[in-house]
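Below is input_17.cif, holding mmCIF, N, CA, C and O atoms.
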data_entry
#
loop_
_atom_site.group_PDB
_atom_site.id
_atom_site.type_symbol
_atom_site.label_atom_id
_atom_site.label_comp_id
_atom_site.auth_asym_id
_atom_site.auth_seq_id
_atom_site.Cartn_x
_atom_site.Cartn_y
_atom_site.Cartn_z
ATOM 1 N N MET A 1 1.959 14.262 1.825
ATOM 2 C CA MET A 1 2.061 13.484 3.046
ATOM 3 C C MET A 1 3.495 13.028 3.244
ATOM 4 O O MET A 1 4.209 12.772 2.296
ATOM 5 N N SER A 2 3.877 12.906 4.481
ATOM 6 C CA SER A 2 5.205 12.384 4.764
ATOM 7 C C SER A 2 5.057 11.129 5.600
ATOM 8 O O SER A 2 3.972 10.772 6.029
ATOM 9 N N GLY A 3 6.177 10.470 5.853
ATOM 10 C CA GLY A 3 6.116 9.231 6.609
ATOM 11 C C GLY A 3 5.643 8.103 5.729
ATOM 12 O O GLY A 3 5.791 8.124 4.521
ATOM 13 N N ALA A 4 5.062 7.107 6.346
ATOM 14 C CA ALA A 4 4.570 5.943 5.610
ATOM 15 C C ALA A 4 3.172 5.617 6.107
ATOM 16 O O ALA A 4 2.818 5.923 7.241
ATOM 17 N N PRO A 5 2.361 5.002 5.248
ATOM 18 C CA PRO A 5 1.004 4.676 5.672
ATOM 19 C C PRO A 5 0.986 3.613 6.763
ATOM 20 O O PRO A 5 1.782 2.679 6.742
ATOM 21 N N ASP A 6 0.067 3.767 7.710
ATOM 22 C CA ASP A 6 -0.119 2.739 8.724
ATOM 23 C C ASP A 6 -1.346 1.902 8.353
ATOM 24 O O ASP A 6 -1.953 2.107 7.294
ATOM 25 N N ARG A 7 -1.713 0.985 9.196
ATOM 26 C CA ARG A 7 -2.835 0.090 8.911
ATOM 27 C C ARG A 7 -4.131 0.866 8.637
ATOM 28 O O ARG A 7 -4.865 0.547 7.703
ATOM 29 N N ASP A 8 -4.405 1.900 9.428
ATOM 30 C CA ASP A 8 -5.618 2.692 9.221
ATOM 31 C C ASP A 8 -5.593 3.403 7.870
ATOM 32 O O ASP A 8 -6.622 3.517 7.203
ATOM 33 N N ASP A 9 -4.420 3.891 7.466
ATOM 34 C CA ASP A 9 -4.286 4.537 6.158
ATOM 35 C C ASP A 9 -4.551 3.539 5.033
ATOM 36 O O ASP A 9 -5.223 3.858 4.046
ATOM 37 N N VAL A 10 -4.013 2.321 5.171
ATOM 38 C CA VAL A 10 -4.227 1.276 4.166
ATOM 39 C C VAL A 10 -5.713 0.946 4.074
ATOM 40 O O VAL A 10 -6.274 0.852 2.970
ATOM 41 N N LEU A 11 -6.371 0.792 5.207
ATOM 42 C CA LEU A 11 -7.810 0.519 5.205
ATOM 43 C C LEU A 11 -8.589 1.634 4.513
ATOM 44 O O LEU A 11 -9.493 1.372 3.709
ATOM 45 N N ALA A 12 -8.244 2.877 4.796
ATOM 46 C CA ALA A 12 -8.943 4.013 4.187
ATOM 47 C C ALA A 12 -8.732 4.046 2.672
ATOM 48 O O ALA A 12 -9.680 4.303 1.915
ATOM 49 N N MET A 13 -7.516 3.773 2.225
ATOM 50 C CA MET A 13 -7.250 3.777 0.782
ATOM 51 C C MET A 13 -8.006 2.646 0.085
ATOM 52 O O MET A 13 -8.573 2.845 -0.991
ATOM 53 N N LEU A 14 -8.012 1.468 0.685
ATOM 54 C CA LEU A 14 -8.742 0.352 0.095
ATOM 55 C C LEU A 14 -10.248 0.626 0.082
ATOM 56 O O LEU A 14 -10.936 0.299 -0.888
ATOM 57 N N ALA A 15 -10.752 1.245 1.125
ATOM 58 C CA ALA A 15 -12.177 1.574 1.187
ATOM 59 C C ALA A 15 -12.563 2.554 0.091
ATOM 60 O O ALA A 15 -13.665 2.484 -0.458
ATOM 61 N N SER A 16 -11.650 3.449 -0.263
ATOM 62 C CA SER A 16 -11.957 4.458 -1.282
ATOM 63 C C SER A 16 -12.086 3.864 -2.684
ATOM 64 O O SER A 16 -12.626 4.510 -3.577
ATOM 65 N N LEU A 17 -11.645 2.637 -2.865
ATOM 66 C CA LEU A 17 -11.754 1.987 -4.181
ATOM 67 C C LEU A 17 -13.208 1.862 -4.604
ATOM 68 O O LEU A 17 -13.550 2.135 -5.745
ATOM 69 N N ASP A 18 -14.070 1.470 -3.685
ATOM 70 C CA ASP A 18 -15.473 1.274 -4.066
ATOM 71 C C ASP A 18 -16.467 1.943 -3.120
ATOM 72 O O ASP A 18 -17.629 1.584 -3.075
ATOM 73 N N GLY A 19 -15.993 2.916 -2.369
ATOM 74 C CA GLY A 19 -16.879 3.722 -1.549
ATOM 75 C C GLY A 19 -17.415 3.059 -0.293
ATOM 76 O O GLY A 19 -18.373 3.530 0.296
ATOM 77 N N ARG A 20 -16.793 1.986 0.139
ATOM 78 C CA ARG A 20 -17.247 1.353 1.382
ATOM 79 C C ARG A 20 -16.536 1.995 2.573
ATOM 80 O O ARG A 20 -15.602 2.772 2.409
ATOM 81 N N SER A 21 -16.975 1.649 3.756
ATOM 82 C CA SER A 21 -16.310 2.178 4.946
ATOM 83 C C SER A 21 -15.078 1.323 5.249
ATOM 84 O O SER A 21 -15.002 0.158 4.844
ATOM 85 N N ALA A 22 -14.141 1.900 5.959
ATOM 86 C CA ALA A 22 -12.925 1.168 6.332
ATOM 87 C C ALA A 22 -13.263 -0.058 7.169
ATOM 88 O O ALA A 22 -12.569 -1.079 7.092
ATOM 89 N N ASP A 23 -14.340 0.010 7.934
ATOM 90 C CA ASP A 23 -14.768 -1.131 8.750
ATOM 91 C C ASP A 23 -15.220 -2.318 7.905
ATOM 92 O O ASP A 23 -15.236 -3.452 8.381
ATOM 93 N N ASP A 24 -15.600 -2.058 6.660
ATOM 94 C CA ASP A 24 -16.080 -3.116 5.767
ATOM 95 C C ASP A 24 -14.988 -3.722 4.888
ATOM 96 O O ASP A 24 -15.257 -4.595 4.076
ATOM 97 N N VAL A 25 -13.762 -3.249 5.031
ATOM 98 C CA VAL A 25 -12.653 -3.779 4.239
ATOM 99 C C VAL A 25 -12.165 -5.077 4.880
ATOM 100 O O VAL A 25 -11.796 -5.084 6.054
ATOM 101 N N PRO A 26 -12.164 -6.188 4.112
ATOM 102 C CA PRO A 26 -11.675 -7.443 4.678
ATOM 103 C C PRO A 26 -10.154 -7.430 4.831
ATOM 104 O O PRO A 26 -9.460 -6.616 4.217
ATOM 105 N N GLU A 27 -9.648 -8.321 5.638
ATOM 106 C CA GLU A 27 -8.200 -8.396 5.864
ATOM 107 C C GLU A 27 -7.453 -8.820 4.598
ATOM 108 O O GLU A 27 -6.368 -8.318 4.329
ATOM 109 N N LEU A 28 -8.028 -9.735 3.828
ATOM 110 C CA LEU A 28 -7.359 -10.202 2.609
ATOM 111 C C LEU A 28 -7.489 -9.177 1.492
ATOM 112 O O LEU A 28 -8.561 -8.611 1.274
ATOM 113 N N ILE A 29 -6.392 -8.960 0.762
ATOM 114 C CA ILE A 29 -6.356 -7.998 -0.332
ATOM 115 C C ILE A 29 -6.277 -8.758 -1.650
ATOM 116 O O ILE A 29 -5.394 -9.597 -1.844
ATOM 117 N N GLU A 30 -7.189 -8.445 -2.571
ATOM 118 C CA GLU A 30 -7.183 -9.049 -3.896
ATOM 119 C C GLU A 30 -6.235 -8.272 -4.811
ATOM 120 O O GLU A 30 -5.841 -7.147 -4.504
ATOM 121 N N SER A 31 -5.900 -8.848 -5.955
ATOM 122 C CA SER A 31 -4.895 -8.249 -6.837
ATOM 123 C C SER A 31 -5.287 -6.860 -7.336
ATOM 124 O O SER A 31 -4.451 -5.956 -7.392
ATOM 125 N N MET A 32 -6.548 -6.652 -7.702
ATOM 126 C CA MET A 32 -6.977 -5.330 -8.161
ATOM 127 C C MET A 32 -6.870 -4.314 -7.021
ATOM 128 O O MET A 32 -6.457 -3.172 -7.229
ATOM 129 N N GLU A 33 -7.225 -4.737 -5.817
ATOM 130 C CA GLU A 33 -7.111 -3.855 -4.661
ATOM 131 C C GLU A 33 -5.660 -3.494 -4.386
ATOM 132 O O GLU A 33 -5.352 -2.354 -4.035
ATOM 133 N N LEU A 34 -4.764 -4.447 -4.573
ATOM 134 C CA LEU A 34 -3.345 -4.186 -4.348
ATOM 135 C C LEU A 34 -2.813 -3.170 -5.353
ATOM 136 O O LEU A 34 -2.076 -2.255 -4.988
ATOM 137 N N ALA A 35 -3.194 -3.323 -6.609
ATOM 138 C CA ALA A 35 -2.773 -2.348 -7.629
ATOM 139 C C ALA A 35 -3.290 -0.954 -7.273
ATOM 140 O O ALA A 35 -2.566 0.041 -7.379
ATOM 141 N N TRP A 36 -4.553 -0.879 -6.834
ATOM 142 C CA TRP A 36 -5.149 0.391 -6.414
ATOM 143 C C TRP A 36 -4.379 0.977 -5.229
ATOM 144 O O TRP A 36 -4.087 2.170 -5.199
ATOM 145 N N LEU A 37 -4.057 0.143 -4.272
ATOM 146 C CA LEU A 37 -3.347 0.593 -3.077
ATOM 147 C C LEU A 37 -1.991 1.186 -3.429
ATOM 148 O O LEU A 37 -1.637 2.273 -2.967
ATOM 149 N N VAL A 38 -1.235 0.490 -4.263
ATOM 150 C CA VAL A 38 0.092 1.002 -4.662
ATOM 151 C C VAL A 38 -0.063 2.338 -5.384
ATOM 152 O O VAL A 38 0.672 3.295 -5.122
ATOM 153 N N HIS A 39 -1.042 2.432 -6.270
ATOM 154 C CA HIS A 39 -1.293 3.695 -6.979
ATOM 155 C C HIS A 39 -1.640 4.808 -5.993
ATOM 156 O O HIS A 39 -1.123 5.933 -6.105
ATOM 157 N N GLN A 40 -2.503 4.514 -5.031
ATOM 158 C CA GLN A 40 -2.889 5.514 -4.038
ATOM 159 C C GLN A 40 -1.689 5.972 -3.209
ATOM 160 O O GLN A 40 -1.547 7.161 -2.932
ATOM 161 N N VAL A 41 -0.846 5.042 -2.819
ATOM 162 C CA VAL A 41 0.350 5.399 -2.046
ATOM 163 C C VAL A 41 1.241 6.319 -2.876
ATOM 164 O O VAL A 41 1.739 7.334 -2.373
ATOM 165 N N GLU A 42 1.426 5.986 -4.140
ATOM 166 C CA GLU A 42 2.262 6.832 -4.999
ATOM 167 C C GLU A 42 1.685 8.238 -5.122
ATOM 168 O O GLU A 42 2.428 9.229 -5.051
ATOM 169 N N GLN A 43 0.369 8.339 -5.282
ATOM 170 C CA GLN A 43 -0.281 9.643 -5.407
ATOM 171 C C GLN A 43 -0.245 10.439 -4.104
ATOM 172 O O GLN A 43 0.107 11.606 -4.096
ATOM 173 N N ARG A 44 -0.600 9.809 -3.028
ATOM 174 C CA ARG A 44 -0.724 10.520 -1.752
ATOM 175 C C ARG A 44 0.609 10.868 -1.110
ATOM 176 O O ARG A 44 0.717 11.866 -0.406
ATOM 177 N N TYR A 45 1.610 10.023 -1.329
ATOM 178 C CA TYR A 45 2.904 10.234 -0.680
ATOM 179 C C TYR A 45 3.949 10.805 -1.634
ATOM 180 O O TYR A 45 5.077 11.045 -1.233
ATOM 181 N N GLY A 46 3.582 11.002 -2.909
ATOM 182 C CA GLY A 46 4.483 11.613 -3.872
ATOM 183 C C GLY A 46 5.736 10.800 -4.140
ATOM 184 O O GLY A 46 6.819 11.358 -4.276
ATOM 185 N N VAL A 47 5.569 9.485 -4.200
ATOM 186 C CA VAL A 47 6.708 8.591 -4.400
ATOM 187 C C VAL A 47 6.407 7.611 -5.536
ATOM 188 O O VAL A 47 5.266 7.459 -5.961
ATOM 189 N N ARG A 48 7.424 6.958 -5.992
ATOM 190 C CA ARG A 48 7.293 5.854 -6.948
ATOM 191 C C ARG A 48 7.652 4.598 -6.176
ATOM 192 O O ARG A 48 8.760 4.465 -5.668
ATOM 193 N N VAL A 49 6.718 3.670 -6.066
ATOM 194 C CA VAL A 49 6.926 2.444 -5.302
ATOM 195 C C VAL A 49 7.227 1.308 -6.265
ATOM 196 O O VAL A 49 6.446 1.039 -7.176
ATOM 197 N N GLU A 50 8.365 0.672 -6.081
ATOM 198 C CA GLU A 50 8.732 -0.492 -6.872
ATOM 199 C C GLU A 50 8.932 -1.654 -5.910
ATOM 200 O O GLU A 50 9.769 -1.589 -5.018
ATOM 201 N N LEU A 51 8.148 -2.695 -6.107
ATOM 202 C CA LEU A 51 8.169 -3.842 -5.205
ATOM 203 C C LEU A 51 8.660 -5.082 -5.937
ATOM 204 O O LEU A 51 8.340 -5.279 -7.106
ATOM 205 N N ASP A 52 9.408 -5.933 -5.233
ATOM 206 C CA ASP A 52 9.803 -7.206 -5.824
ATOM 207 C C ASP A 52 8.722 -8.250 -5.531
ATOM 208 O O ASP A 52 7.767 -7.987 -4.798
ATOM 209 N N SER A 53 8.851 -9.416 -6.104
ATOM 210 C CA SER A 53 7.807 -10.436 -5.964
ATOM 211 C C SER A 53 7.612 -10.864 -4.509
ATOM 212 O O SER A 53 6.486 -11.154 -4.087
ATOM 213 N N GLY A 54 8.665 -10.894 -3.733
ATOM 214 C CA GLY A 54 8.544 -11.243 -2.323
ATOM 215 C C GLY A 54 7.724 -10.222 -1.555
ATOM 216 O O GLY A 54 6.904 -10.581 -0.701
ATOM 217 N N GLN A 55 7.939 -8.955 -1.857
ATOM 218 C CA GLN A 55 7.171 -7.904 -1.194
ATOM 219 C C GLN A 55 5.701 -7.967 -1.598
ATOM 220 O O GLN A 55 4.819 -7.845 -0.761
ATOM 221 N N TYR A 56 5.442 -8.163 -2.901
ATOM 222 C CA TYR A 56 4.051 -8.321 -3.340
ATOM 223 C C TYR A 56 3.398 -9.498 -2.624
ATOM 224 O O TYR A 56 2.251 -9.416 -2.205
ATOM 225 N N GLY A 57 4.125 -10.582 -2.480
ATOM 226 C CA GLY A 57 3.591 -11.768 -1.825
ATOM 227 C C GLY A 57 3.227 -11.541 -0.373
ATOM 228 O O GLY A 57 2.313 -12.184 0.154
ATOM 229 N N ARG A 58 3.903 -10.616 0.263
ATOM 230 C CA ARG A 58 3.607 -10.297 1.669
ATOM 231 C C ARG A 58 2.454 -9.319 1.815
ATOM 232 O O ARG A 58 1.982 -9.076 2.917
ATOM 233 N N MET A 59 1.988 -8.760 0.703
ATOM 234 C CA MET A 59 0.938 -7.739 0.747
ATOM 235 C C MET A 59 -0.445 -8.325 0.464
ATOM 236 O O MET A 59 -1.307 -7.659 -0.084
ATOM 237 N N THR A 60 -0.671 -9.555 0.858
ATOM 238 C CA THR A 60 -1.969 -10.187 0.636
ATOM 239 C C THR A 60 -2.966 -9.875 1.749
ATOM 240 O O THR A 60 -4.134 -10.232 1.643
ATOM 241 N N THR A 61 -2.491 -9.222 2.800
ATOM 242 C CA THR A 61 -3.362 -8.802 3.894
ATOM 243 C C THR A 61 -3.144 -7.313 4.173
ATOM 244 O O THR A 61 -2.114 -6.746 3.799
ATOM 245 N N VAL A 62 -4.108 -6.714 4.843
ATOM 246 C CA VAL A 62 -3.993 -5.297 5.197
ATOM 247 C C VAL A 62 -2.767 -5.072 6.078
ATOM 248 O O VAL A 62 -1.969 -4.161 5.842
ATOM 249 N N SER A 63 -2.576 -5.918 7.068
ATOM 250 C CA SER A 63 -1.421 -5.772 7.965
ATOM 251 C C SER A 63 -0.114 -5.963 7.212
ATOM 252 O O SER A 63 0.845 -5.211 7.411
ATOM 253 N N GLY A 64 -0.063 -6.955 6.345
ATOM 254 C CA GLY A 64 1.142 -7.206 5.546
ATOM 255 C C GLY A 64 1.452 -6.039 4.632
ATOM 256 O O GLY A 64 2.617 -5.636 4.482
ATOM 257 N N ALA A 65 0.425 -5.474 4.015
ATOM 258 C CA ALA A 65 0.627 -4.328 3.129
ATOM 259 C C ALA A 65 1.181 -3.137 3.905
ATOM 260 O O ALA A 65 2.115 -2.476 3.448
ATOM 261 N N ALA A 66 0.629 -2.873 5.072
ATOM 262 C CA ALA A 66 1.115 -1.754 5.886
ATOM 263 C C ALA A 66 2.571 -1.973 6.278
ATOM 264 O O ALA A 66 3.390 -1.043 6.209
ATOM 265 N N ASP A 67 2.932 -3.195 6.636
ATOM 266 C CA ASP A 67 4.317 -3.508 7.007
ATOM 267 C C ASP A 67 5.273 -3.280 5.841
ATOM 268 O O ASP A 67 6.313 -2.643 5.986
ATOM 269 N N VAL A 68 4.916 -3.802 4.666
ATOM 270 C CA VAL A 68 5.782 -3.665 3.490
ATOM 271 C C VAL A 68 5.911 -2.199 3.098
ATOM 272 O O VAL A 68 7.015 -1.724 2.807
ATOM 273 N N LEU A 69 4.822 -1.473 3.090
ATOM 274 C CA LEU A 69 4.887 -0.060 2.701
ATOM 275 C C LEU A 69 5.746 0.745 3.663
ATOM 276 O O LEU A 69 6.508 1.612 3.232
ATOM 277 N N ARG A 70 5.674 0.449 4.942
ATOM 278 C CA ARG A 70 6.552 1.136 5.911
ATOM 279 C C ARG A 70 8.016 0.826 5.615
ATOM 280 O O ARG A 70 8.872 1.705 5.664
ATOM 281 N N GLU A 71 8.301 -0.439 5.314
ATOM 282 C CA GLU A 71 9.679 -0.832 5.008
ATOM 283 C C GLU A 71 10.180 -0.147 3.742
ATOM 284 O O GLU A 71 11.287 0.383 3.705
ATOM 285 N N VAL A 72 9.387 -0.197 2.697
ATOM 286 C CA VAL A 72 9.818 0.308 1.388
ATOM 287 C C VAL A 72 9.948 1.817 1.375
ATOM 288 O O VAL A 72 10.909 2.356 0.844
ATOM 289 N N ILE A 73 9.002 2.511 1.960
ATOM 290 C CA ILE A 73 9.060 3.971 1.939
ATOM 291 C C ILE A 73 10.218 4.472 2.785
ATOM 292 O O ILE A 73 10.791 5.520 2.502
ATOM 293 N N GLY A 74 10.646 3.697 3.756
ATOM 294 C CA GLY A 74 11.779 4.085 4.582
ATOM 295 C C GLY A 74 13.131 3.784 3.970
ATOM 296 O O GLY A 74 14.151 4.187 4.495
ATOM 297 N N LYS A 75 13.142 3.069 2.823
ATOM 298 C CA LYS A 75 14.410 2.684 2.200
ATOM 299 C C LYS A 75 14.827 3.680 1.134
ATOM 300 O O LYS A 75 13.998 4.328 0.522
ATOM 301 N N PRO A 76 16.138 3.750 0.857
ATOM 302 C CA PRO A 76 16.615 4.637 -0.200
ATOM 303 C C PRO A 76 16.247 4.118 -1.589
ATOM 304 O O PRO A 76 15.521 3.159 -1.738
ATOM 305 N N ASP A 77 16.840 4.711 -2.590
ATOM 306 C CA ASP A 77 16.484 4.582 -3.997
ATOM 307 C C ASP A 77 16.228 3.191 -4.565
ATOM 308 O O ASP A 77 15.605 3.084 -5.591
ATOM 309 N N GLU A 78 16.671 2.131 -3.951
ATOM 310 C CA GLU A 78 16.500 0.832 -4.578
ATOM 311 C C GLU A 78 15.033 0.432 -4.764
ATOM 312 O O GLU A 78 14.697 -0.303 -5.653
ATOM 313 N N HIS A 79 14.108 0.926 -3.926
ATOM 314 C CA HIS A 79 12.695 0.587 -4.064
ATOM 315 C C HIS A 79 11.790 1.799 -4.198
ATOM 316 O O HIS A 79 10.622 1.652 -4.445
ATOM 317 N N LEU A 80 12.327 2.966 -4.030
ATOM 318 C CA LEU A 80 11.493 4.156 -3.966
ATOM 319 C C LEU A 80 12.178 5.273 -4.716
ATOM 320 O O LEU A 80 13.335 5.577 -4.458
ATOM 321 N N ARG A 81 11.463 5.876 -5.626
ATOM 322 C CA ARG A 81 12.043 6.976 -6.390
ATOM 323 C C ARG A 81 11.070 8.133 -6.420
ATOM 324 O O ARG A 81 9.877 7.944 -6.528
ATOM 325 N N ASP A 82 11.624 9.341 -6.344
ATOM 326 C CA ASP A 82 10.776 10.557 -6.424
ATOM 327 C C ASP A 82 10.342 10.779 -7.857
ATOM 328 O O ASP A 82 10.989 10.511 -8.775
#

As structure tokens, please, write out the structure in this file.
Amino acid sequence: MSGAPDRDDVLAMLASLDGRSADDVPELIESMELAWLVHQVEQRYGVRVELDSGQYGRMTTVSGAADVLREVIGKPDEHLRD
């Protein structure tokens, strides 16, 4: 995959954690879900995602996670490595 995940992509990845539908994913993201999401992004987009504490703190919601992932995947080597 190329580009960065959008909100719908984040919902789909979170839904795949426990087999629920994307419509059943709540807006708030728990810590285990966040770890799963980062792993899924790394697998699906072929990247290594490294986030600082501020970025993790902004990823407590689906919308926040999509925003941070778009920012990070668009940046050079300081946060993303092949």

Mind listing the strand (DSSP E or B) residues of chain A, per DSSP on the backbone, as a PDB file with N, CA, C and O atoms, in the coordinates of the input?
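Written output follows (selection_38.pdb):
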ATOM      1  N   LEU A  28      -8.028  -9.735   3.828  1.00  0.00           N
ATOM      2  CA  LEU A  28      -7.359 -10.202   2.609  1.00  0.00           C
ATOM      3  C   LEU A  28      -7.489  -9.177   1.492  1.00  0.00           C
ATOM      4  O   LEU A  28      -8.561  -8.611   1.274  1.00  0.00           O
ATOM      5  N   ARG A  48       7.424   6.958  -5.992  1.00  0.00           N
ATOM      6  CA  ARG A  48       7.293   5.854  -6.948  1.00  0.00           C
ATOM      7  C   ARG A  48       7.652   4.598  -6.176  1.00  0.00           C
ATOM      8  O   ARG A  48       8.760   4.465  -5.668  1.00  0.00           O
ATOM      9  N   VAL A  49       6.718   3.670  -6.066  1.00  0.00           N
ATOM     10  CA  VAL A  49       6.926   2.444  -5.302  1.00  0.00           C
ATOM     11  C   VAL A  49       7.227   1.308  -6.265  1.00  0.00           C
ATOM     12  O   VAL A  49       6.446   1.039  -7.176  1.00  0.00           O
ATOM     13  N   THR A  61      -2.491  -9.222   2.800  1.00  0.00           N
ATOM     14  CA  THR A  61      -3.362  -8.802   3.894  1.00  0.00           C
ATOM     15  C   THR A  61      -3.144  -7.313   4.173  1.00  0.00           C
ATOM     16  O   THR A  61      -2.114  -6.746   3.799  1.00  0.00           O
ATOM     17  N   LEU A  80      12.327   2.966  -4.030  1.00  0.00           N
ATOM     18  CA  LEU A  80      11.493   4.156  -3.966  1.00  0.00           C
ATOM     19  C   LEU A  80      12.178   5.273  -4.716  1.00  0.00           C
ATOM     20  O   LEU A  80      13.335   5.577  -4.458  1.00  0.00           O
ATOM     21  N   ARG A  81      11.463   5.876  -5.626  1.00  0.00           N
ATOM     22  CA  ARG A  81      12.043   6.976  -6.390  1.00  0.00           C
ATOM     23  C   ARG A  81      11.070   8.133  -6.420  1.00  0.00           C
ATOM     24  O   ARG A  81       9.877   7.944  -6.528  1.00  0.00           O
TER      25      ARG A  81
END

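Relative to atom O of Gln55 (chain A), atom N of Val72 (chain A) is found at 9.6 Å.
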
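Of note, atom N of Ala66 (chain A) and atom C of Asp23 (chain A) are spaced 16.1 Å apart.
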
Original post:
In Å to one decimal, how far is atom O of Arg7 (chain A) from atom O of Val62 (chain A)?
Top reply: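 Going from atom O of Val62 (chain A) over to atom O of Arg7 (chain A) covers 5.8 Å.
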
For a cutoff of 5 Å around the file-coordinate point (-6.0, -5.3, 2.7), which residues qualify once you count only N, CA, C and O atoms? I'd like the result as a PDB file with N, CA, C and O atoms, in the frame of the given file.
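See out-v6.pdb below for the written result:
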ATOM      1  N   PRO A  26     -12.164  -6.188   4.112  1.00  0.00           N
ATOM      2  CA  PRO A  26     -11.675  -7.443   4.678  1.00  0.00           C
ATOM      3  C   PRO A  26     -10.154  -7.430   4.831  1.00  0.00           C
ATOM      4  O   PRO A  26      -9.460  -6.616   4.217  1.00  0.00           O
ATOM      5  N   GLU A  27      -9.648  -8.321   5.638  1.00  0.00           N
ATOM      6  CA  GLU A  27      -8.200  -8.396   5.864  1.00  0.00           C
ATOM      7  C   GLU A  27      -7.453  -8.820   4.598  1.00  0.00           C
ATOM      8  O   GLU A  27      -6.368  -8.318   4.329  1.00  0.00           O
ATOM      9  N   LEU A  28      -8.028  -9.735   3.828  1.00  0.00           N
ATOM     10  CA  LEU A  28      -7.359 -10.202   2.609  1.00  0.00           C
ATOM     11  C   LEU A  28      -7.489  -9.177   1.492  1.00  0.00           C
ATOM     12  O   LEU A  28      -8.561  -8.611   1.274  1.00  0.00           O
ATOM     13  N   ILE A  29      -6.392  -8.960   0.762  1.00  0.00           N
ATOM     14  CA  ILE A  29      -6.356  -7.998  -0.332  1.00  0.00           C
ATOM     15  C   ILE A  29      -6.277  -8.758  -1.650  1.00  0.00           C
ATOM     16  O   ILE A  29      -5.394  -9.597  -1.844  1.00  0.00           O
ATOM     17  N   THR A  61      -2.491  -9.222   2.800  1.00  0.00           N
ATOM     18  CA  THR A  61      -3.362  -8.802   3.894  1.00  0.00           C
ATOM     19  C   THR A  61      -3.144  -7.313   4.173  1.00  0.00           C
ATOM     20  O   THR A  61      -2.114  -6.746   3.799  1.00  0.00           O
ATOM     21  N   VAL A  62      -4.108  -6.714   4.843  1.00  0.00           N
ATOM     22  CA  VAL A  62      -3.993  -5.297   5.197  1.00  0.00           C
ATOM     23  C   VAL A  62      -2.767  -5.072   6.078  1.00  0.00           C
ATOM     24  O   VAL A  62      -1.969  -4.161   5.842  1.00  0.00           O
TER      25      VAL A  62
END

Subject >> Residues of chain A in helix (DSSP H, G or I), written as a ChimeraX atom specification >> reply: /A:7-18,22-24,31-45,53-58,62-73

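Using the PyMOL selection byres (((chain A and resi 11 and name CA) around 10) and name CA) on this structure selects Pro5, Asp6, Arg7, Asp8, Asp9, Val10, Ala12, Met13, Leu14, Ala15, Ser16, Ser21, Ala22, Asp23, Asp24, Val25, Pro26, Glu27, Leu37, Val62, Ser63, Ala65 and Ala66 of chain A.
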
Near Gly3 (chain A), within 7 Å and counting only N, CA, C and O atoms, which residues show up once chain neighbours fewer than 4 positions away are dropped, as an mmCIF file with N, CA, C and O atoms, in the coordinates of the input?
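Resulting contents of result.cif:
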data_model
loop_
_atom_site.group_PDB
_atom_site.id
_atom_site.type_symbol
_atom_site.label_atom_id
_atom_site.label_comp_id
_atom_site.auth_asym_id
_atom_site.auth_seq_id
_atom_site.Cartn_x
_atom_site.Cartn_y
_atom_site.Cartn_z
ATOM 1 N N TYR A 45 1.610 10.023 -1.329
ATOM 2 C CA TYR A 45 2.904 10.234 -0.680
ATOM 3 C C TYR A 45 3.949 10.805 -1.634
ATOM 4 O O TYR A 45 5.077 11.045 -1.233
ATOM 5 N N LEU A 69 4.822 -1.473 3.090
ATOM 6 C CA LEU A 69 4.887 -0.060 2.701
ATOM 7 C C LEU A 69 5.746 0.745 3.663
ATOM 8 O O LEU A 69 6.508 1.612 3.232
ATOM 9 N N ILE A 73 9.002 2.511 1.960
ATOM 10 C CA ILE A 73 9.060 3.971 1.939
ATOM 11 C C ILE A 73 10.218 4.472 2.785
ATOM 12 O O ILE A 73 10.791 5.520 2.502
ATOM 13 N N GLY A 74 10.646 3.697 3.756
ATOM 14 C CA GLY A 74 11.779 4.085 4.582
ATOM 15 C C GLY A 74 13.131 3.784 3.970
ATOM 16 O O GLY A 74 14.151 4.187 4.495
#

Subject >> Counting all atoms listed in the file, the residue of A:Gly54, A:Asp18, A:Thr60, A:Val47 that sits nearest Leu34 (chain A) >> reply: A:Thr60
